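Asks: File my_file_39.pdb follows (PDB, C-alpha atoms):
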```
ATOM      1  CA  MET T   1      22.566 -52.577-149.444  1.00  0.00           C
ATOM      2  CA  GLN T   2      20.700 -55.777-150.189  1.00  0.00           C
ATOM      3  CA  ASN T   3      21.593 -59.250-148.935  1.00  0.00           C
ATOM      4  CA  TYR T   4      23.138 -61.346-151.712  1.00  0.00           C
ATOM      5  CA  GLU T   5      24.374 -64.943-151.480  1.00  0.00           C
ATOM      6  CA  ILE T   6      27.271 -65.653-153.819  1.00  0.00           C
ATOM      7  CA  ASP T   7      27.535 -68.911-155.759  1.00  0.00           C
ATOM      8  CA  ASN T   8      30.441 -70.594-157.568  1.00  0.00           C
ATOM      9  CA  LEU T   9      30.118 -68.357-160.630  1.00  0.00           C
ATOM     10  CA  ASP T  10      30.284 -65.266-158.419  1.00  0.00           C
ATOM     11  CA  LYS T  11      33.348 -66.709-156.636  1.00  0.00           C
ATOM     12  CA  ASN T  12      35.035 -67.312-159.997  1.00  0.00           C
ATOM     13  CA  ILE T  13      34.196 -63.766-161.115  1.00  0.00           C
ATOM     14  CA  LEU T  14      35.598 -62.320-157.877  1.00  0.00           C
ATOM     15  CA  GLU T  15      38.784 -64.383-158.155  1.00  0.00           C
ATOM     16  CA  ALA T  16      39.306 -63.262-161.768  1.00  0.00           C
ATOM     17  CA  LEU T  17      38.648 -59.602-160.915  1.00  0.00           C
ATOM     18  CA  THR T  18      41.002 -59.830-157.945  1.00  0.00           C
ATOM     19  CA  GLU T  19      43.759 -61.035-160.271  1.00  0.00           C
ATOM     20  CA  ASN T  20      42.968 -58.393-162.920  1.00  0.00           C
ATOM     21  CA  ALA T  21      40.270 -55.813-162.225  1.00  0.00           C
ATOM     22  CA  ARG T  22      40.563 -54.533-165.798  1.00  0.00           C
ATOM     23  CA  ILE T  23      39.696 -57.822-167.536  1.00  0.00           C
ATOM     24  CA  PRO T  24      36.986 -57.178-170.144  1.00  0.00           C
ATOM     25  CA  TYR T  25      33.630 -58.774-169.346  1.00  0.00           C
ATOM     26  CA  ALA T  26      33.658 -60.515-172.760  1.00  0.00           C
ATOM     27  CA  GLU T  27      37.007 -62.152-171.999  1.00  0.00           C
ATOM     28  CA  LEU T  28      35.860 -63.158-168.528  1.00  0.00           C
ATOM     29  CA  ALA T  29      32.610 -64.544-169.955  1.00  0.00           C
ATOM     30  CA  LYS T  30      34.540 -66.680-172.448  1.00  0.00           C
ATOM     31  CA  LYS T  31      36.840 -67.947-169.695  1.00  0.00           C
ATOM     32  CA  LEU T  32      33.847 -68.889-167.483  1.00  0.00           C
ATOM     33  CA  ALA T  33      31.633 -70.174-170.347  1.00  0.00           C
ATOM     34  CA  VAL T  34      28.778 -67.704-169.799  1.00  0.00           C
ATOM     35  CA  SER T  35      27.580 -64.590-171.638  1.00  0.00           C
ATOM     36  CA  ALA T  36      29.087 -61.145-171.130  1.00  0.00           C
ATOM     37  CA  GLY T  37      25.604 -60.024-170.063  1.00  0.00           C
ATOM     38  CA  THR T  38      25.629 -62.603-167.267  1.00  0.00           C
ATOM     39  CA  ILE T  39      28.991 -61.290-166.050  1.00  0.00           C
ATOM     40  CA  HIS T  40      27.681 -57.712-166.144  1.00  0.00           C
ATOM     41  CA  VAL T  41      24.504 -58.621-164.201  1.00  0.00           C
ATOM     42  CA  ARG T  42      26.453 -60.593-161.572  1.00  0.00           C
ATOM     43  CA  VAL T  43      29.019 -57.827-161.080  1.00  0.00           C
ATOM     44  CA  GLU T  44      26.266 -55.216-160.738  1.00  0.00           C
ATOM     45  CA  LYS T  45      24.444 -57.372-158.152  1.00  0.00           C
ATOM     46  CA  MET T  46      27.669 -57.774-156.159  1.00  0.00           C
ATOM     47  CA  LYS T  47      28.274 -54.003-156.367  1.00  0.00           C
ATOM     48  CA  ASN T  48      24.720 -53.248-155.203  1.00  0.00           C
ATOM     49  CA  SER T  49      25.040 -55.676-152.296  1.00  0.00           C
ATOM     50  CA  GLY T  50      28.342 -54.139-151.183  1.00  0.00           C
ATOM     51  CA  ILE T  51      30.474 -57.223-151.898  1.00  0.00           C
ATOM     52  CA  ILE T  52      32.366 -55.298-154.582  1.00  0.00           C
ATOM     53  CA  GLU T  53      33.181 -51.806-153.387  1.00  0.00           C
ATOM     54  CA  GLY T  54      34.956 -50.602-156.504  1.00  0.00           C
ATOM     55  CA  THR T  55      38.297 -50.984-158.209  1.00  0.00           C
ATOM     56  CA  LYS T  56      41.608 -49.525-157.207  1.00  0.00           C
ATOM     57  CA  VAL T  57      45.175 -49.129-158.331  1.00  0.00           C
ATOM     58  CA  SER T  58      47.658 -51.021-156.181  1.00  0.00           C
ATOM     59  CA  ILE T  59      50.635 -48.806-155.317  1.00  0.00           C
ATOM     60  CA  ASN T  60      54.031 -50.182-154.319  1.00  0.00           C
ATOM     61  CA  ALA T  61      54.987 -48.034-151.316  1.00  0.00           C
ATOM     62  CA  LYS T  62      58.661 -49.064-151.416  1.00  0.00           C
ATOM     63  CA  ASN T  63      58.974 -47.984-155.048  1.00  0.00           C
ATOM     64  CA  LEU T  64      57.584 -44.585-154.005  1.00  0.00           C
ATOM     65  CA  GLY T  65      60.305 -44.293-151.378  1.00  0.00           C
ATOM     66  CA  TYR T  66      58.350 -45.400-148.313  1.00  0.00           C
ATOM     67  CA  ASP T  67      60.878 -47.862-146.892  1.00  0.00           C
ATOM     68  CA  VAL T  68      59.642 -48.095-143.297  1.00  0.00           C
ATOM     69  CA  CYS T  69      56.389 -49.796-142.353  1.00  0.00           C
ATOM     70  CA  CYS T  70      55.465 -49.870-138.704  1.00  0.00           C
ATOM     71  CA  PHE T  71      52.542 -50.398-136.396  1.00  0.00           C
ATOM     72  CA  VAL T  72      51.740 -48.214-133.409  1.00  0.00           C
ATOM     73  CA  GLY T  73      49.604 -49.372-130.515  1.00  0.00           C
ATOM     74  CA  ILE T  74      47.885 -46.389-128.910  1.00  0.00           C
ATOM     75  CA  ASN T  75      46.449 -46.173-125.407  1.00  0.00           C
ATOM     76  CA  LEU T  76      43.938 -43.376-124.847  1.00  0.00           C
ATOM     77  CA  LYS T  77      43.421 -41.459-121.638  1.00  0.00           C
ATOM     78  CA  ASN T  78      39.654 -42.097-121.908  1.00  0.00           C
ATOM     79  CA  ALA T  79      37.469 -44.192-124.234  1.00  0.00           C
ATOM     80  CA  LYS T  80      35.487 -41.031-125.040  1.00  0.00           C
ATOM     81  CA  ASP T  81      38.645 -39.627-126.675  1.00  0.00           C
ATOM     82  CA  TYR T  82      38.425 -42.135-129.550  1.00  0.00           C
ATOM     83  CA  PRO T  83      36.490 -40.016-132.124  1.00  0.00           C
ATOM     84  CA  ASN T  84      38.684 -36.951-131.708  1.00  0.00           C
ATOM     85  CA  THR T  85      41.877 -39.026-131.821  1.00  0.00           C
ATOM     86  CA  ILE T  86      40.774 -40.677-135.080  1.00  0.00           C
ATOM     87  CA  LYS T  87      40.038 -37.237-136.581  1.00  0.00           C
ATOM     88  CA  ARG T  88      43.539 -36.097-135.681  1.00  0.00           C
ATOM     89  CA  LEU T  89      45.171 -39.298-137.020  1.00  0.00           C
ATOM     90  CA  GLU T  90      43.322 -38.846-140.338  1.00  0.00           C
ATOM     91  CA  GLU T  91      45.238 -35.580-140.809  1.00  0.00           C
ATOM     92  CA  PHE T  92      48.575 -37.411-141.049  1.00  0.00           C
ATOM     93  CA  GLU T  93      49.316 -38.821-144.507  1.00  0.00           C
ATOM     94  CA  GLU T  94      51.726 -41.365-142.999  1.00  0.00           C
ATOM     95  CA  VAL T  95      48.818 -43.103-141.199  1.00  0.00           C
ATOM     96  CA  VAL T  96      47.519 -45.549-143.813  1.00  0.00           C
ATOM     97  CA  GLU T  97      45.305 -47.767-141.617  1.00  0.00           C
ATOM     98  CA  ALA T  98      43.655 -47.485-138.209  1.00  0.00           C
ATOM     99  CA  TYR T  99      41.752 -50.015-136.115  1.00  0.00           C
ATOM    100  CA  TYR T 100      39.681 -49.643-132.951  1.00  0.00           C
ATOM    101  CA  THR T 101      40.688 -52.733-130.973  1.00  0.00           C
ATOM    102  CA  THR T 102      40.239 -54.777-127.849  1.00  0.00           C
ATOM    103  CA  GLY T 103      43.231 -55.961-125.868  1.00  0.00           C
ATOM    104  CA  ASN T 104      46.336 -53.982-124.998  1.00  0.00           C
ATOM    105  CA  TYR T 105      45.602 -50.953-127.186  1.00  0.00           C
ATOM    106  CA  SER T 106      42.610 -48.738-127.853  1.00  0.00           C
ATOM    107  CA  ILE T 107      43.765 -47.972-131.398  1.00  0.00           C
ATOM    108  CA  PHE T 108      46.239 -49.797-133.617  1.00  0.00           C
ATOM    109  CA  ILE T 109      47.594 -47.894-136.629  1.00  0.00           C
ATOM    110  CA  LYS T 110      49.834 -48.667-139.581  1.00  0.00           C
ATOM    111  CA  LEU T 111      52.361 -46.015-140.625  1.00  0.00           C
ATOM    112  CA  MET T 112      54.418 -45.761-143.809  1.00  0.00           C
ATOM    113  CA  THR T 113      57.461 -43.474-143.660  1.00  0.00           C
ATOM    114  CA  ARG T 114      60.433 -42.796-145.921  1.00  0.00           C
ATOM    115  CA  SER T 115      63.091 -43.504-143.279  1.00  0.00           C
ATOM    116  CA  ILE T 116      63.698 -44.104-139.587  1.00  0.00           C
ATOM    117  CA  ASP T 117      64.344 -40.347-139.240  1.00  0.00           C
ATOM    118  CA  HIS T 118      60.959 -39.659-140.875  1.00  0.00           C
ATOM    119  CA  LEU T 119      59.342 -42.195-138.510  1.00  0.00           C
ATOM    120  CA  GLN T 120      60.905 -40.466-135.503  1.00  0.00           C
ATOM    121  CA  PHE T 121      59.631 -37.096-136.766  1.00  0.00           C
ATOM    122  CA  VAL T 122      56.089 -38.466-137.220  1.00  0.00           C
ATOM    123  CA  LEU T 123      56.039 -40.060-133.763  1.00  0.00           C
ATOM    124  CA  ILE T 124      57.383 -37.004-131.935  1.00  0.00           C
ATOM    125  CA  ASN T 125      55.827 -34.169-133.933  1.00  0.00           C
ATOM    126  CA  LYS T 126      52.516 -35.687-134.967  1.00  0.00           C
ATOM    127  CA  ILE T 127      51.307 -38.784-133.084  1.00  0.00           C
ATOM    128  CA  GLN T 128      52.588 -37.848-129.633  1.00  0.00           C
ATOM    129  CA  THR T 129      51.227 -34.296-129.885  1.00  0.00           C
ATOM    130  CA  ILE T 130      47.672 -35.635-129.702  1.00  0.00           C
ATOM    131  CA  GLU T 131      46.661 -34.724-126.167  1.00  0.00           C
ATOM    132  CA  GLU T 132      44.197 -37.610-125.762  1.00  0.00           C
ATOM    133  CA  ILE T 133      46.946 -40.220-126.223  1.00  0.00           C
ATOM    134  CA  GLN T 134      48.276 -41.610-122.959  1.00  0.00           C
ATOM    135  CA  SER T 135      51.014 -43.826-124.423  1.00  0.00           C
ATOM    136  CA  THR T 136      52.190 -45.581-127.588  1.00  0.00           C
ATOM    137  CA  GLU T 137      54.212 -48.633-128.536  1.00  0.00           C
ATOM    138  CA  THR T 138      55.880 -48.831-131.945  1.00  0.00           C
ATOM    139  CA  LEU T 139      56.618 -52.069-133.791  1.00  0.00           C
ATOM    140  CA  ILE T 140      58.718 -51.864-136.962  1.00  0.00           C
ATOM    141  CA  SER T 141      57.875 -54.348-139.710  1.00  0.00           C
ATOM    142  CA  LEU T 142      60.887 -56.157-141.158  1.00  0.00           C
ATOM    143  CA  GLN T 143      58.932 -57.996-143.882  1.00  0.00           C
ATOM    144  CA  ASN T 144      55.413 -58.465-145.237  1.00  0.00           C
ATOM    145  CA  PRO T 145      55.543 -62.132-146.351  1.00  0.00           C
ATOM    146  CA  ILE T 146      51.740 -62.482-146.595  1.00  0.00           C
ATOM    147  CA  ASN T 147      49.651 -59.729-148.159  1.00  0.00           C
ATOM    148  CA  ARG T 148      46.353 -60.786-149.697  1.00  0.00           C
ATOM    149  CA  ASP T 149      42.696 -59.999-149.902  1.00  0.00           C
ATOM    150  CA  VAL T 150      40.008 -62.227-148.423  1.00  0.00           C
ATOM    151  CA  LEU T 151      39.101 -64.983-150.852  1.00  0.00           C
ATOM    152  CA  PRO T 152      35.435 -65.439-151.781  1.00  0.00           C
TER     153      PRO T 152
END
```
Could you express the structure from this file as structure tokens?
Replies:
Amino acid sequence: MQNYEIDNLDKNILEALTENARIPYAELAKKLAVSAGTIHVRVEKMKNSGIIEGTKVSINAKNLGYDVCCFVGINLKNAKDYPNTIKRLEEFEEVVEAYYTTGNYSIFIKLMTRSIDHLQFVLINKIQTIEEIQSTETLISLQNPINRDVLP
């Protein structure tokens, strides 16, 4: 991964791709008053430097039936238990994000479940069966009023 400093054109390209990752380079070039070749070269440089990691489809979890979003703070018995705990958490499809943190918790995870009953099942029959976990605290999300990517 090479070091690459972005300029205003790169920022404009990133903003446009964030809005619509499928925009044709020719259309983007016209919008930004440069050639399609310039757009292609800039995108490739940002891919090679790791700024752009790919494209993805954005899935609406609620429309798939995942109505409960919650966060679980996890305290481990020992710091050395972190790698094994992460391996176990990766096995559970309901765990959609995990963070190794400072502060009150060793690990902070985000769970998506279909219902409160499903959440209870996941906590009791999956998360709390991991032997290395000393304790957990669950916080249920009521809303997600801000959800955005980092701006360039």
Asks: Step by step, work through what the PyMOL selection byres ((chain T and resi 114) around 9) selects in the shown file, and finish by giving those residues as an MDAnalysis selection string.
Replies: chainID T and resid 62 64:69 112:113 115:119
Asks: Write the selection just made, keeping C-alpha atoms, as a PDB file, keeping the file's coordinate frame?
Replies:
```
ATOM      1  CA  LYS T  62      58.661 -49.064-151.416  1.00  0.00           C
ATOM      2  CA  LEU T  64      57.584 -44.585-154.005  1.00  0.00           C
ATOM      3  CA  GLY T  65      60.305 -44.293-151.378  1.00  0.00           C
ATOM      4  CA  TYR T  66      58.350 -45.400-148.313  1.00  0.00           C
ATOM      5  CA  ASP T  67      60.878 -47.862-146.892  1.00  0.00           C
ATOM      6  CA  VAL T  68      59.642 -48.095-143.297  1.00  0.00           C
ATOM      7  CA  CYS T  69      56.389 -49.796-142.353  1.00  0.00           C
ATOM      8  CA  MET T 112      54.418 -45.761-143.809  1.00  0.00           C
ATOM      9  CA  THR T 113      57.461 -43.474-143.660  1.00  0.00           C
ATOM     10  CA  SER T 115      63.091 -43.504-143.279  1.00  0.00           C
ATOM     11  CA  ILE T 116      63.698 -44.104-139.587  1.00  0.00           C
ATOM     12  CA  ASP T 117      64.344 -40.347-139.240  1.00  0.00           C
ATOM     13  CA  HIS T 118      60.959 -39.659-140.875  1.00  0.00           C
ATOM     14  CA  LEU T 119      59.342 -42.195-138.510  1.00  0.00           C
TER      15      LEU T 119
END
```
Asks: For Lys47 in chain T, which of T:Ala98, T:Leu111, T:Leu14, T:Ile124 is the closest residue, counting all atoms listed in the file?
Replies: T:Leu14
Asks: I'd like the box whose edges run along x, y and z of the file and which contains every listed atom of range 95-107 of chain T, padded by 6 Å per side; could you state its centre and edge lengths in Å, one decimal, as JSON?
Replies:
```
{"center_x": 44.2, "center_y": -49.5, "center_z": -134.4, "size_x": 21.1, "size_y": 24.9, "size_z": 30.8}
```
Asks: Could you spell out the hits of the PyMOL selection byres ((chain T and resi 95) around 8) on the shown file, as a PyMOL selection string?
Replies: chain T and resi 89-90+92-94+96-98+109-112
Asks: Go ahead and compute the interatomic distance for CA of Thr18 in chain T and CA of Ile59 in chain T, in Å to one decimal.
Replies: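 Spanning CA of Thr18 in chain T to CA of Ile59 in chain T is a straight-line distance of 14.9 Å.
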Asks: So what does the PyMOL selection byres ((chain T and resi 31-39) around 12) actually pick up in this one, as a list of chain:residue names?
Replies: T:Asn8, T:Leu9, T:Asp10, T:Lys11, T:Asn12, T:Ile13, T:Leu14, T:Glu15, T:Ala16, T:Leu17, T:Ile23, T:Pro24, T:Tyr25, T:Ala26, T:Glu27, T:Leu28, T:Ala29, T:Lys30, T:His40, T:Val41, T:Arg42, T:Val43, T:Glu44, T:Lys45, T:Met46
Asks: Please write the residues from the selection above to a file, keeping C-alpha atoms, as a PDB file, keeping the file's coordinate frame.
Replies:
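part.pdb written:
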```pdb
ATOM      1  CA  ASN T   8      30.441 -70.594-157.568  1.00  0.00           C
ATOM      2  CA  LEU T   9      30.118 -68.357-160.630  1.00  0.00           C
ATOM      3  CA  ASP T  10      30.284 -65.266-158.419  1.00  0.00           C
ATOM      4  CA  LYS T  11      33.348 -66.709-156.636  1.00  0.00           C
ATOM      5  CA  ASN T  12      35.035 -67.312-159.997  1.00  0.00           C
ATOM      6  CA  ILE T  13      34.196 -63.766-161.115  1.00  0.00           C
ATOM      7  CA  LEU T  14      35.598 -62.320-157.877  1.00  0.00           C
ATOM      8  CA  GLU T  15      38.784 -64.383-158.155  1.00  0.00           C
ATOM      9  CA  ALA T  16      39.306 -63.262-161.768  1.00  0.00           C
ATOM     10  CA  LEU T  17      38.648 -59.602-160.915  1.00  0.00           C
ATOM     11  CA  ILE T  23      39.696 -57.822-167.536  1.00  0.00           C
ATOM     12  CA  PRO T  24      36.986 -57.178-170.144  1.00  0.00           C
ATOM     13  CA  TYR T  25      33.630 -58.774-169.346  1.00  0.00           C
ATOM     14  CA  ALA T  26      33.658 -60.515-172.760  1.00  0.00           C
ATOM     15  CA  GLU T  27      37.007 -62.152-171.999  1.00  0.00           C
ATOM     16  CA  LEU T  28      35.860 -63.158-168.528  1.00  0.00           C
ATOM     17  CA  ALA T  29      32.610 -64.544-169.955  1.00  0.00           C
ATOM     18  CA  LYS T  30      34.540 -66.680-172.448  1.00  0.00           C
ATOM     19  CA  HIS T  40      27.681 -57.712-166.144  1.00  0.00           C
ATOM     20  CA  VAL T  41      24.504 -58.621-164.201  1.00  0.00           C
ATOM     21  CA  ARG T  42      26.453 -60.593-161.572  1.00  0.00           C
ATOM     22  CA  VAL T  43      29.019 -57.827-161.080  1.00  0.00           C
ATOM     23  CA  GLU T  44      26.266 -55.216-160.738  1.00  0.00           C
ATOM     24  CA  LYS T  45      24.444 -57.372-158.152  1.00  0.00           C
ATOM     25  CA  MET T  46      27.669 -57.774-156.159  1.00  0.00           C
TER      26      MET T  46
END
```
Asks: With all atoms listed in the file as the counted atoms, please give the residues lying no more than 12 Å from Ala79 in chain T, apart from itself and same-chain residues fewer than 4 positions off, as a list in words.
Replies: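 Answer for this query is Ile74, Asn75, Pro83, Asn84, Thr85, Ile86, Tyr100, Thr101, Thr102, Tyr105, Ser106, Ile107, Glu132, Ile133 and Gln134 of chain T.
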Asks: For Asn3 in chain T, list every protein, DNA or RNA residue within 10 Å, evaluated using only C-alpha atoms, and leave out those in the same chain fewer than 3 positions away; present the list as a CSV table (one decimal) with C-alpha atoms, in the coordinates of the input.
Replies:
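Listed below is the output, around35.csv:
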```
chain,number,residue,atom,x,y,z
T,6,ILE,CA,27.3,-65.7,-153.8
T,45,LYS,CA,24.4,-57.4,-158.2
T,46,MET,CA,27.7,-57.8,-156.2
T,48,ASN,CA,24.7,-53.2,-155.2
T,49,SER,CA,25.0,-55.7,-152.3
T,50,GLY,CA,28.3,-54.1,-151.2
T,51,ILE,CA,30.5,-57.2,-151.9
```
Asks: Using all atoms listed in the file, tabulate the residues of range 71-133 of chain T lying at most 8 Å from any atom of range 137-151 of chain T, each with its closest atom pair and that distance in Å to one decimal, by chain and increasing residue number, as CSV.
Replies:
```
residue,atom,partner,partner_atom,distance
T:Phe71,CA,T:Leu139,CA,5.1
T:Val72,CA,T:Thr138,CA,4.4
T:Gly73,CA,T:Glu137,CA,5.1
T:Ile74,CA,T:Glu137,CA,6.7
```
Asks: Provide the CA of Lys126 in chain T to CA of Glu91 in chain T distance in Å, to one decimal place.
Replies: 9.3 Å
